[in-house]
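Novice: Below you'll find coords_13.csv; it's CSV, C-alpha atoms.
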chain,number,residue,atom,x,y,z
A,1268,MET,CA,0.9,11.1,24.3
A,1269,LYS,CA,-2.3,11.7,22.4
A,1270,LYS,CA,-3.7,8.6,20.8
A,1271,ASP,CA,-2.9,8.4,17.1
A,1272,TYR,CA,-6.0,6.9,15.5
A,1273,LEU,CA,-6.7,6.1,11.9
A,1274,LYS,CA,-10.0,7.8,11.1
A,1275,ILE,CA,-12.2,6.6,8.2
A,1276,ALA,CA,-15.8,7.8,7.7
A,1277,GLY,CA,-16.2,8.8,11.3
A,1278,LYS,CA,-14.7,5.5,12.7
A,1279,LYS,CA,-11.5,5.3,14.7
A,1280,PHE,CA,-9.0,2.4,14.4
A,1281,VAL,CA,-5.8,1.8,16.3
A,1282,SER,CA,-4.2,-0.3,13.7
A,1283,ARG,CA,-3.2,1.3,10.4
A,1284,LEU,CA,-2.7,-2.1,8.7
A,1285,ILE,CA,-5.7,-3.4,6.6
A,1286,VAL,CA,-5.5,-7.0,5.6
A,1287,GLY,CA,-7.1,-8.9,2.7
A,1288,THR,CA,-8.8,-12.3,3.2
A,1289,GLY,CA,-7.9,-14.0,-0.1
A,1290,LYS,CA,-5.2,-16.3,-1.2
A,1291,TYR,CA,-4.6,-18.1,2.1
A,1292,LYS,CA,-4.3,-21.9,2.2
A,1293,SER,CA,-7.2,-22.0,4.6
A,1294,MET,CA,-9.6,-19.8,6.5
A,1295,SER,CA,-8.0,-20.8,9.7
A,1296,ASP,CA,-4.6,-19.6,8.4
A,1297,CYS,CA,-6.3,-16.4,7.3
A,1298,ALA,CA,-7.8,-15.8,10.7
A,1299,LYS,CA,-4.5,-16.5,12.5
A,1300,ALA,CA,-2.6,-14.2,10.3
A,1301,ILE,CA,-5.1,-11.4,10.8
A,1302,HIS,CA,-5.0,-11.9,14.6
A,1303,ILE,CA,-1.2,-11.7,14.6
A,1304,SER,CA,-1.2,-8.6,12.4
A,1305,GLY,CA,-3.4,-6.7,14.8
A,1306,ALA,CA,-5.6,-5.5,11.8
A,1307,GLU,CA,-9.0,-4.2,12.7
A,1308,ILE,CA,-10.2,-4.0,9.1
A,1309,VAL,CA,-10.3,-6.8,6.6
A,1310,THR,CA,-11.3,-6.7,3.0
A,1311,VAL,CA,-13.9,-9.2,1.7
A,1312,ALA,CA,-14.3,-9.9,-2.0
A,1313,VAL,CA,-18.1,-10.1,-2.2
A,1314,ARG,CA,-18.1,-12.0,-5.5
A,1315,ARG,CA,-15.8,-14.7,-4.2
A,1316,VAL,CA,-16.7,-15.3,-0.6
A,1317,ASN,CA,-19.2,-17.8,0.6
A,1318,ILE,CA,-21.8,-15.9,2.7
A,1319,SER,CA,-24.8,-18.2,2.9
A,1320,ASP,CA,-24.0,-21.8,2.0
A,1321,LYS,CA,-23.8,-23.6,5.4
A,1322,LYS,CA,-22.2,-26.6,3.8
A,1323,LYS,CA,-19.1,-24.7,3.0
A,1324,PRO,CA,-16.8,-22.7,5.3
A,1325,LEU,CA,-18.1,-19.3,6.3
A,1326,LEU,CA,-15.7,-16.5,6.8
A,1327,MET,CA,-17.8,-15.2,9.7
A,1328,ASP,CA,-17.1,-18.5,11.6
A,1329,TYR,CA,-13.4,-17.6,11.6
A,1330,ILE,CA,-13.4,-13.8,11.7
A,1331,ASP,CA,-16.0,-12.2,13.9
A,1332,PRO,CA,-17.6,-9.2,12.2
A,1333,LYS,CA,-18.5,-7.8,15.6
A,1334,LYS,CA,-14.8,-7.6,16.5
A,1335,ILE,CA,-13.2,-6.9,13.0
A,1336,THR,CA,-14.6,-4.4,10.5
A,1337,TYR,CA,-15.5,-6.1,7.2
A,1338,LEU,CA,-14.8,-4.0,4.2
A,1339,PRO,CA,-16.7,-5.5,1.2
A,1340,ASN,CA,-14.9,-4.9,-2.0
A,1341,THR,CA,-15.5,-5.3,-5.7
A,1342,ALA,CA,-12.5,-7.4,-6.6
A,1343,GLY,CA,-13.1,-9.0,-10.0
A,1344,CYS,CA,-15.4,-6.3,-11.4
A,1345,PHE,CA,-14.5,-4.8,-14.8
A,1346,THR,CA,-17.4,-2.4,-15.3
A,1347,SER,CA,-19.2,0.2,-13.2
A,1348,ASP,CA,-22.5,-1.8,-13.5
A,1349,ASP,CA,-20.8,-4.9,-12.0
A,1350,ALA,CA,-19.3,-2.9,-9.1
A,1351,LEU,CA,-22.5,-1.2,-8.3
A,1352,ARG,CA,-24.5,-4.4,-8.3
A,1353,THR,CA,-21.9,-6.1,-6.1
A,1354,LEU,CA,-21.9,-3.4,-3.4
A,1355,ARG,CA,-25.6,-3.0,-3.4
A,1356,LEU,CA,-25.8,-6.8,-2.8
A,1357,ALA,CA,-23.3,-6.4,0.1
A,1358,ARG,CA,-25.5,-3.7,1.6
A,1359,GLU,CA,-28.6,-6.0,1.3
A,1360,ILE,CA,-26.8,-9.0,2.9
A,1361,GLY,CA,-24.9,-7.4,5.7
A,1362,GLY,CA,-26.0,-3.7,5.9
A,1363,TRP,CA,-22.5,-2.6,4.9
A,1364,LYS,CA,-22.1,1.0,3.8
A,1365,LEU,CA,-18.3,1.4,4.3
A,1366,VAL,CA,-17.0,-0.3,1.2
A,1367,LYS,CA,-13.9,-0.6,-1.0
A,1368,LEU,CA,-14.5,0.1,-4.7
A,1369,GLU,CA,-12.2,-1.3,-7.4
A,1370,VAL,CA,-13.1,-1.4,-11.1
A,1371,LEU,CA,-10.4,-3.0,-13.1
A,1372,GLY,CA,-9.4,-2.1,-16.6
A,1373,ASP,CA,-7.9,-5.4,-17.8
A,1374,LYS,CA,-7.0,-8.8,-16.6
A,1375,LYS,CA,-3.3,-8.6,-17.3
A,1376,THR,CA,-2.2,-5.5,-15.4
A,1377,LEU,CA,-5.3,-5.3,-13.0
A,1378,TYR,CA,-4.9,-1.5,-13.2
A,1379,PRO,CA,-8.1,0.4,-12.3
A,1380,ASP,CA,-10.2,1.8,-15.0
A,1381,MET,CA,-10.4,5.4,-13.6
A,1382,ILE,CA,-13.3,6.5,-15.8
A,1383,GLU,CA,-15.5,3.7,-14.6
A,1384,THR,CA,-14.1,4.1,-11.0
A,1385,LEU,CA,-14.9,7.9,-10.9
A,1386,LYS,CA,-18.4,7.2,-12.3
A,1387,SER,CA,-19.1,4.5,-9.7
A,1388,THR,CA,-17.8,6.6,-6.8
A,1389,LYS,CA,-20.1,9.4,-7.7
A,1390,ILE,CA,-23.2,7.1,-7.8
A,1391,LEU,CA,-22.3,5.2,-4.7
A,1392,THR,CA,-21.7,8.3,-2.6
A,1393,LYS,CA,-25.1,9.7,-3.7
A,1394,GLU,CA,-26.6,6.4,-2.5
A,1395,GLY,CA,-25.2,6.8,1.0
A,1396,PHE,CA,-22.1,4.5,0.7
A,1397,LYS,CA,-18.8,5.5,2.3
A,1398,VAL,CA,-16.4,4.7,-0.5
A,1399,MET,CA,-12.8,3.8,-0.1
A,1400,VAL,CA,-11.4,3.9,-3.7
A,1401,TYR,CA,-8.7,1.8,-5.3
A,1402,CYS,CA,-7.1,4.0,-7.9
A,1403,THR,CA,-4.0,4.8,-9.9
A,1404,ASP,CA,-1.3,7.0,-8.3
A,1405,ASP,CA,-2.4,10.0,-10.5
A,1406,PRO,CA,-2.8,13.1,-8.3
A,1407,LEU,CA,-5.3,14.6,-10.7
A,1408,MET,CA,-7.6,11.5,-10.6
A,1409,ALA,CA,-7.1,11.3,-6.8
A,1410,LYS,CA,-8.4,14.9,-6.5
A,1411,LYS,CA,-11.4,14.1,-8.7
A,1412,LEU,CA,-12.3,11.2,-6.5
A,1413,GLU,CA,-12.2,13.4,-3.4
A,1414,ASP,CA,-14.3,16.0,-5.2
A,1415,VAL,CA,-17.1,13.4,-5.9
A,1416,GLY,CA,-17.2,12.2,-2.3
A,1417,ALA,CA,-14.7,9.4,-1.7
A,1418,CYS,CA,-14.0,8.8,2.0
A,1419,ALA,CA,-10.5,7.5,1.4
A,1420,ILE,CA,-8.0,7.5,-1.5
A,1421,MET,CA,-6.2,4.1,-2.1
A,1422,PRO,CA,-3.6,4.4,-4.8
A,1423,LEU,CA,-1.6,1.4,-5.9
A,1424,ALA,CA,2.1,1.1,-5.2
A,1425,ALA,CA,2.5,-1.3,-8.1
A,1426,PRO,CA,0.2,-3.9,-9.9
A,1427,ILE,CA,-1.9,-6.0,-7.6
A,1428,GLY,CA,0.0,-9.0,-6.2
A,1429,SER,CA,3.3,-8.0,-7.9
A,1430,GLY,CA,5.3,-7.3,-4.7
A,1431,LEU,CA,7.3,-4.6,-6.5
A,1432,GLY,CA,6.9,-2.0,-3.8
A,1433,ILE,CA,6.2,1.7,-4.3
A,1434,GLN,CA,7.1,2.7,-7.9
A,1435,ASN,CA,6.3,6.4,-7.8
A,1436,ARG,CA,7.1,8.1,-4.5
A,1437,THR,CA,6.7,11.5,-6.0
A,1438,ASN,CA,3.1,11.0,-7.0
A,1439,ILE,CA,2.3,9.6,-3.5
A,1440,LYS,CA,3.8,12.7,-1.9
A,1441,ILE,CA,1.8,15.0,-4.2
A,1442,ILE,CA,-1.4,13.1,-3.3
A,1443,ARG,CA,-0.5,13.3,0.4
A,1444,ASP,CA,0.1,17.1,0.1
A,1445,GLN,CA,-3.2,17.8,-1.7
A,1446,THR,CA,-5.7,15.7,0.3
A,1447,LYS,CA,-7.0,15.7,3.8
A,1448,LEU,CA,-8.7,12.3,3.2
A,1449,PRO,CA,-7.1,9.1,4.6
A,1450,LEU,CA,-4.4,8.0,2.1
A,1451,ILE,CA,-3.9,4.2,2.1
A,1452,ILE,CA,-1.5,2.4,-0.2
A,1453,ASP,CA,-3.4,-0.5,-1.8
A,1454,ALA,CA,-1.7,-3.2,-3.9
A,1455,GLY,CA,1.9,-4.0,-4.8
A,1456,LEU,CA,3.7,-4.1,-1.5
A,1457,GLY,CA,6.0,-7.1,-1.1
A,1458,GLN,CA,7.9,-6.9,2.2
A,1459,ALA,CA,7.9,-5.1,5.5
A,1460,SER,CA,10.2,-2.3,4.3
A,1461,ASP,CA,7.7,-1.4,1.6
A,1462,ALA,CA,5.1,-0.8,4.3
A,1463,THR,CA,7.5,1.3,6.3
A,1464,ILE,CA,8.3,3.5,3.2
A,1465,ALA,CA,4.6,4.0,2.6
A,1466,MET,CA,4.1,5.2,6.1
A,1467,GLU,CA,7.2,7.4,6.1
A,1468,LEU,CA,5.8,9.1,3.0
A,1469,GLY,CA,2.9,10.2,5.1
A,1470,CYS,CA,0.3,7.6,4.2
A,1471,ASP,CA,-2.3,6.9,6.8
A,1472,GLY,CA,-2.3,3.2,6.3
A,1473,VAL,CA,-1.5,0.3,4.0
A,1474,LEU,CA,-3.7,-2.6,2.7
A,1475,ILE,CA,-1.8,-5.9,2.3
A,1476,ASN,CA,-3.0,-9.3,1.1
A,1477,THR,CA,-0.6,-11.2,-1.2
A,1478,ALA,CA,2.6,-10.2,0.6
A,1479,ILE,CA,1.3,-11.9,3.8
A,1480,ALA,CA,-0.9,-14.7,2.4
A,1481,LYS,CA,1.7,-16.0,-0.1
A,1482,ALA,CA,4.8,-15.5,2.1
A,1483,LYS,CA,6.7,-18.7,3.0
A,1484,ASN,CA,5.7,-18.0,6.6
A,1485,PRO,CA,2.5,-15.8,6.5
A,1486,PHE,CA,2.3,-15.6,10.3
A,1487,GLN,CA,5.8,-14.2,10.6
A,1488,MET,CA,5.2,-11.8,7.7
A,1489,ALA,CA,1.9,-10.7,9.4
A,1490,LYS,CA,3.9,-9.8,12.5
A,1491,ALA,CA,6.6,-8.1,10.4
A,1492,MET,CA,4.0,-6.0,8.6
A,1493,LYS,CA,2.4,-5.0,11.9
A,1494,TYR,CA,5.6,-3.5,13.3
A,1495,SER,CA,6.8,-2.1,10.1
A,1496,VAL,CA,3.6,0.0,9.8
A,1497,ILE,CA,4.0,1.2,13.4
A,1498,ALA,CA,7.7,2.0,12.8
A,1499,GLY,CA,7.0,3.9,9.6
A,1500,ARG,CA,4.2,6.0,11.2
A,1501,GLU,CA,6.4,6.8,14.3
A,1502,SER,CA,9.2,7.8,11.9
A,1503,TYR,CA,6.9,10.1,9.9
A,1504,LEU,CA,5.5,11.8,13.0
A,1505,SER,CA,9.0,12.3,14.4
A,1506,GLY,CA,10.1,14.5,11.5
A,1507,ARG,CA,13.2,13.3,9.8
A,1508,ILE,CA,16.4,15.3,9.5
A,1509,GLU,CA,17.1,17.4,6.4
A,1510,LYS,CA,19.2,15.6,3.8
A,1511,SER,CA,22.7,17.0,3.2
A,1512,LEU,CA,25.3,16.4,0.5
A,1513,TYR,CA,28.1,16.7,3.0
A,1514,GLY,CA,28.8,15.3,6.5
A,1515,SER,CA,28.0,17.0,9.8
A,1516,PRO,CA,29.9,16.0,13.0
A,1517,SER,CA,27.8,14.5,15.7
A,1518,SER,CA,30.0,15.9,18.5
A,1519,PRO,CA,30.0,19.7,19.2
A,1520,LYS,CA,32.8,21.7,17.7
A,1521,ALA,CA,33.2,24.0,20.8
A,1522,GLY,CA,35.2,22.9,23.8
A,1523,ILE,CA,37.5,20.4,22.0
A,1524,ILE,CA,40.7,19.6,23.9
Turn this file's structure into structure tokens for me.

Specialist:
Amino acid sequence: MKKDYLKIAGKKFVSRLIVGTGKYKSMSDCAKAIHISGAEIVTVAVRRVNISDKKKPLLMDYIDPKKITYLPNTAGCFTSDDALRTLRLAREIGGWKLVKLEVLGDKKTLYPDMIETLKSTKILTKEGFKVMVYCTDDPLMAKKLEDVGACAIMPLAAPIGSGLGIQNRTNIKIIRDQTKLPLIIDAGLGQASDATIAMELGCDGVLINTAIAKAKNPFQMAKAMKYSVIAGRESYLSGRIEKSLYGSPSSPKAGII
């Protein structure tokens, strides 16, 4: 069978599960969960991670950036200016150009401010960044992000950290139908079946942090998420049967004794 890669900004990845690095009890727990998950991309909150203080734990000591792709993100940014400053800093520190943009609208819902997000995407793209964008599940906004140069569309399933699962499957289907960009569900997944549903809707991947990091057994959940993503992708590619209101016999009608 032909290899089924996740392709983002010209790079190929075997795993379609992206894992966050926040909220774990320790960096060693984080590294172990990521290893079990099989993830090849991890998000790193630039504003919150220790990058240079040798007296404190360094993420790079636990997760090798030569083996795992770091995806710097703008978690905690509420304005375009803050987000731009953060990603420019990431580029200066580590040379990162593949980045995840999120500009939040308020501290309660953590929904993205799409006006500031769209503005930031346009600027960053012109500066040579490859921008994966956290956004609402609004198909019109998703199309606008594509038009200004986003390299991946990352709509929320539900509010960040809520664990509610996908709340609007119809919008996700519409976004899938209208874009050729990688479509990755970002935020709100809570259990393995949520990840499977996202993949069965045709998404190219999922990004999960809280559902793994805050599970009672994060390592077991990391394993569950790994295989749920694989199962969902295989199911989607297989082509499900048509839904029917009535039953259909499994055995052939002809040749009955």

Novice: Distance CA of Ile1475 (chain A)-CA of Leu1325 (chain A), one decimal place?

Specialist: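 Atom-to-atom, CA of Ile1475 (chain A) and CA of Leu1325 (chain A) are spaced 21.5 Å apart.
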
Novice: Any idea what's packed within 8 Å of region 1270-1282 of chain A, counting only C-alpha atoms, ignoring anything in its chain fewer than 6 positions away? Could you give it as a list of chain:residue names?

Specialist: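 Answer for this query is A:Gly1305, A:Ala1306, A:Glu1307, A:Leu1365, A:Lys1397, A:Cys1418, A:Ala1419, A:Pro1449, A:Asp1471, A:Gly1472.
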
Novice: So how far away is CA of Ile1479 (chain A) from CA of Lys1290 (chain A), in Å?

Specialist: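 About the pair CA of Lys1290 (chain A) and CA of Ile1479 (chain A): they are 9.3 Å apart.
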
Novice: Need the shell around Ala1409 (chain A): protein/DNA/RNA residues with any atom at most 12 Å away, counting all atoms listed in the file. Skip same-chain ones fewer than 3 positions apart. Format as a PyMOL selection string?

Specialist: chain A and resi 1381-1382+1384-1385+1388+1399-1406+1412-1423+1438-1439+1441-1451

Novice: Please measure the separation of CA of Lys1323 (chain A) and CA of Leu1356 (chain A), giving the value in Å to one decimal.

Specialist: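 Pair CA of Lys1323 (chain A) / CA of Leu1356 (chain A) returns 20.0 Å.
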
Novice: A:Thr1376, A:Thr1288, A:Ser1295, A:Ser1304: which is nearest Met1488 (chain A), counting only C-alpha atoms?

Specialist: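 Checking each of A:Thr1376, A:Thr1288, A:Ser1295, A:Ser1304 against Met1488 (chain A), counting only C-alpha atoms, the winner is A:Ser1304.
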
Novice: Counting all atoms listed in the file, what is within 9 Å of Lys1364 (chain A), bar same-chain residues fewer than 3 positions away, as a PyMOL selection string?

Specialist: chain A and resi 1338-1339+1354-1355+1357-1358+1395-1398

Novice: Between A:Gly1457, A:Pro1332, A:Pro1324, A:Pro1379, which is the closest to Phe1345 (chain A) once you count all atoms listed in the file?

Specialist: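 Counting all atoms listed in the file, the residue closest to Phe1345 (chain A) is A:Pro1379.
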
Novice: Write out as a ChimeraX atom specification the residues lying within 10 Å of Ser1387 (chain A), counting all atoms listed in the file and excluding same-chain residues fewer than 4 positions away.

Specialist: /A:1346-1351,1368-1370,1381-1383,1391-1393,1398,1400,1415

Novice: Taking into account only C-alpha atoms, which residue in the set A:Ile1497, A:Val1313, A:Ile1335, A:Asp1461 is nearest to Glu1359 (chain A)?

Specialist: A:Val1313

Novice: Restricting the calculation to all atoms listed in the file, which member of A:Gly1361, A:Met1492, A:Met1466, A:Arg1500 is positioned closest to Ala1480 (chain A)?

Specialist: A:Met1492

Novice: In file coordinates, which residues lie within 12 Å of (4.1, -18.2, 10.8) using all atoms listed in the file, given as a list in words?

Specialist: Asp1296, Cys1297, Lys1299, Ala1300, Ile1301, His1302, Ile1303, Ser1304, Ile1479, Ala1480, Lys1481, Ala1482, Lys1483, Asn1484, Pro1485, Phe1486, Gln1487, Met1488, Ala1489, Lys1490 and Ala1491 of chain A

Novice: Using the selection just defined, write its residues with C-alpha atoms as a tab-separated table (two decimals), in the frame of the given file.

Specialist:
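Wrote it out as again.tsv, contents follow:
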chain	number	residue	atom	x	y	z
A	1296	ASP	CA	-4.60	-19.60	8.40
A	1297	CYS	CA	-6.30	-16.40	7.30
A	1299	LYS	CA	-4.50	-16.50	12.50
A	1300	ALA	CA	-2.60	-14.20	10.30
A	1301	ILE	CA	-5.10	-11.40	10.80
A	1302	HIS	CA	-5.00	-11.90	14.60
A	1303	ILE	CA	-1.20	-11.70	14.60
A	1304	SER	CA	-1.20	-8.60	12.40
A	1479	ILE	CA	1.30	-11.90	3.80
A	1480	ALA	CA	-0.90	-14.70	2.40
A	1481	LYS	CA	1.70	-16.00	-0.10
A	1482	ALA	CA	4.80	-15.50	2.10
A	1483	LYS	CA	6.70	-18.70	3.00
A	1484	ASN	CA	5.70	-18.00	6.60
A	1485	PRO	CA	2.50	-15.80	6.50
A	1486	PHE	CA	2.30	-15.60	10.30
A	1487	GLN	CA	5.80	-14.20	10.60
A	1488	MET	CA	5.20	-11.80	7.70
A	1489	ALA	CA	1.90	-10.70	9.40
A	1490	LYS	CA	3.90	-9.80	12.50
A	1491	ALA	CA	6.60	-8.10	10.40

Novice: May I ask which of the residues A:Thr1463, A:Thr1353, A:Thr1336, A:Asn1476 is the closest one to Ile1433 (chain A), counting all atoms listed in the file?

Specialist: A:Thr1463

Novice: Between A:Leu1407, A:Ala1462, A:Ile1427, A:Val1286, single out the one closest to Leu1371 (chain A), counting all atoms listed in the file.

Specialist: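 Distance minimum relative to Leu1371 (chain A) lands on A:Ile1427.
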
Novice: Reconstruct N, CA and C atoms of region 1415-1429 of chain A from the incomplete input and present them as a PDB file, in the frame of the given file.

Specialist:
ATOM      1  N   VAL A1415     -15.774  14.075  -5.756  1.00  0.00           N
ATOM      2  CA  VAL A1415     -17.100  13.400  -5.900  1.00  0.00           C
ATOM      3  C   VAL A1415     -17.510  12.644  -4.679  1.00  0.00           C
ATOM      4  N   GLY A1416     -16.727  12.728  -3.603  1.00  0.00           N
ATOM      5  CA  GLY A1416     -17.200  12.200  -2.300  1.00  0.00           C
ATOM      6  C   GLY A1416     -16.540  10.974  -1.764  1.00  0.00           C
ATOM      7  N   ALA A1417     -15.412  10.533  -2.319  1.00  0.00           N
ATOM      8  CA  ALA A1417     -14.700   9.400  -1.700  1.00  0.00           C
ATOM      9  C   ALA A1417     -14.341   9.673  -0.286  1.00  0.00           C
ATOM     10  N   CYS A1418     -14.346   8.631   0.560  1.00  0.00           N
ATOM     11  CA  CYS A1418     -14.000   8.800   2.000  1.00  0.00           C
ATOM     12  C   CYS A1418     -12.557   8.439   2.250  1.00  0.00           C
ATOM     13  N   ALA A1419     -11.896   7.792   1.266  1.00  0.00           N
ATOM     14  CA  ALA A1419     -10.500   7.500   1.400  1.00  0.00           C
ATOM     15  C   ALA A1419      -9.914   7.214  -0.004  1.00  0.00           C
ATOM     16  N   ILE A1420      -8.681   7.645  -0.193  1.00  0.00           N
ATOM     17  CA  ILE A1420      -8.000   7.500  -1.500  1.00  0.00           C
ATOM     18  C   ILE A1420      -6.995   6.313  -1.303  1.00  0.00           C
ATOM     19  N   MET A1421      -7.034   5.342  -2.235  1.00  0.00           N
ATOM     20  CA  MET A1421      -6.200   4.100  -2.100  1.00  0.00           C
ATOM     21  C   MET A1421      -5.419   3.865  -3.370  1.00  0.00           C
ATOM     22  N   PRO A1422      -4.375   4.638  -3.598  1.00  0.00           N
ATOM     23  CA  PRO A1422      -3.600   4.400  -4.800  1.00  0.00           C
ATOM     24  C   PRO A1422      -2.723   3.166  -4.721  1.00  0.00           C
ATOM     25  N   LEU A1423      -2.490   2.559  -5.874  1.00  0.00           N
ATOM     26  CA  LEU A1423      -1.600   1.400  -5.900  1.00  0.00           C
ATOM     27  C   LEU A1423      -0.169   1.795  -5.772  1.00  0.00           C
ATOM     28  N   ALA A1424       0.619   0.897  -5.199  1.00  0.00           N
ATOM     29  CA  ALA A1424       2.100   1.100  -5.200  1.00  0.00           C
ATOM     30  C   ALA A1424       2.662   0.513  -6.441  1.00  0.00           C
ATOM     31  N   ALA A1425       2.066  -0.593  -6.892  1.00  0.00           N
ATOM     32  CA  ALA A1425       2.500  -1.300  -8.100  1.00  0.00           C
ATOM     33  C   ALA A1425       1.297  -2.257  -8.414  1.00  0.00           C
ATOM     34  N   PRO A1426       1.330  -2.981  -9.527  1.00  0.00           N
ATOM     35  CA  PRO A1426       0.200  -3.900  -9.900  1.00  0.00           C
ATOM     36  C   PRO A1426      -0.137  -4.844  -8.721  1.00  0.00           C
ATOM     37  N   ILE A1427      -1.413  -5.151  -8.590  1.00  0.00           N
ATOM     38  CA  ILE A1427      -1.900  -6.000  -7.600  1.00  0.00           C
ATOM     39  C   ILE A1427      -1.122  -7.358  -7.531  1.00  0.00           C
ATOM     40  N   GLY A1428      -0.644  -7.732  -6.363  1.00  0.00           N
ATOM     41  CA  GLY A1428       0.000  -9.000  -6.200  1.00  0.00           C
ATOM     42  C   GLY A1428       1.454  -9.072  -6.731  1.00  0.00           C
ATOM     43  N   SER A1429       1.973  -7.954  -7.242  1.00  0.00           N
ATOM     44  CA  SER A1429       3.300  -8.000  -7.900  1.00  0.00           C
ATOM     45  C   SER A1429       4.448  -7.963  -6.884  1.00  0.00           C
TER      46      SER A1429
END
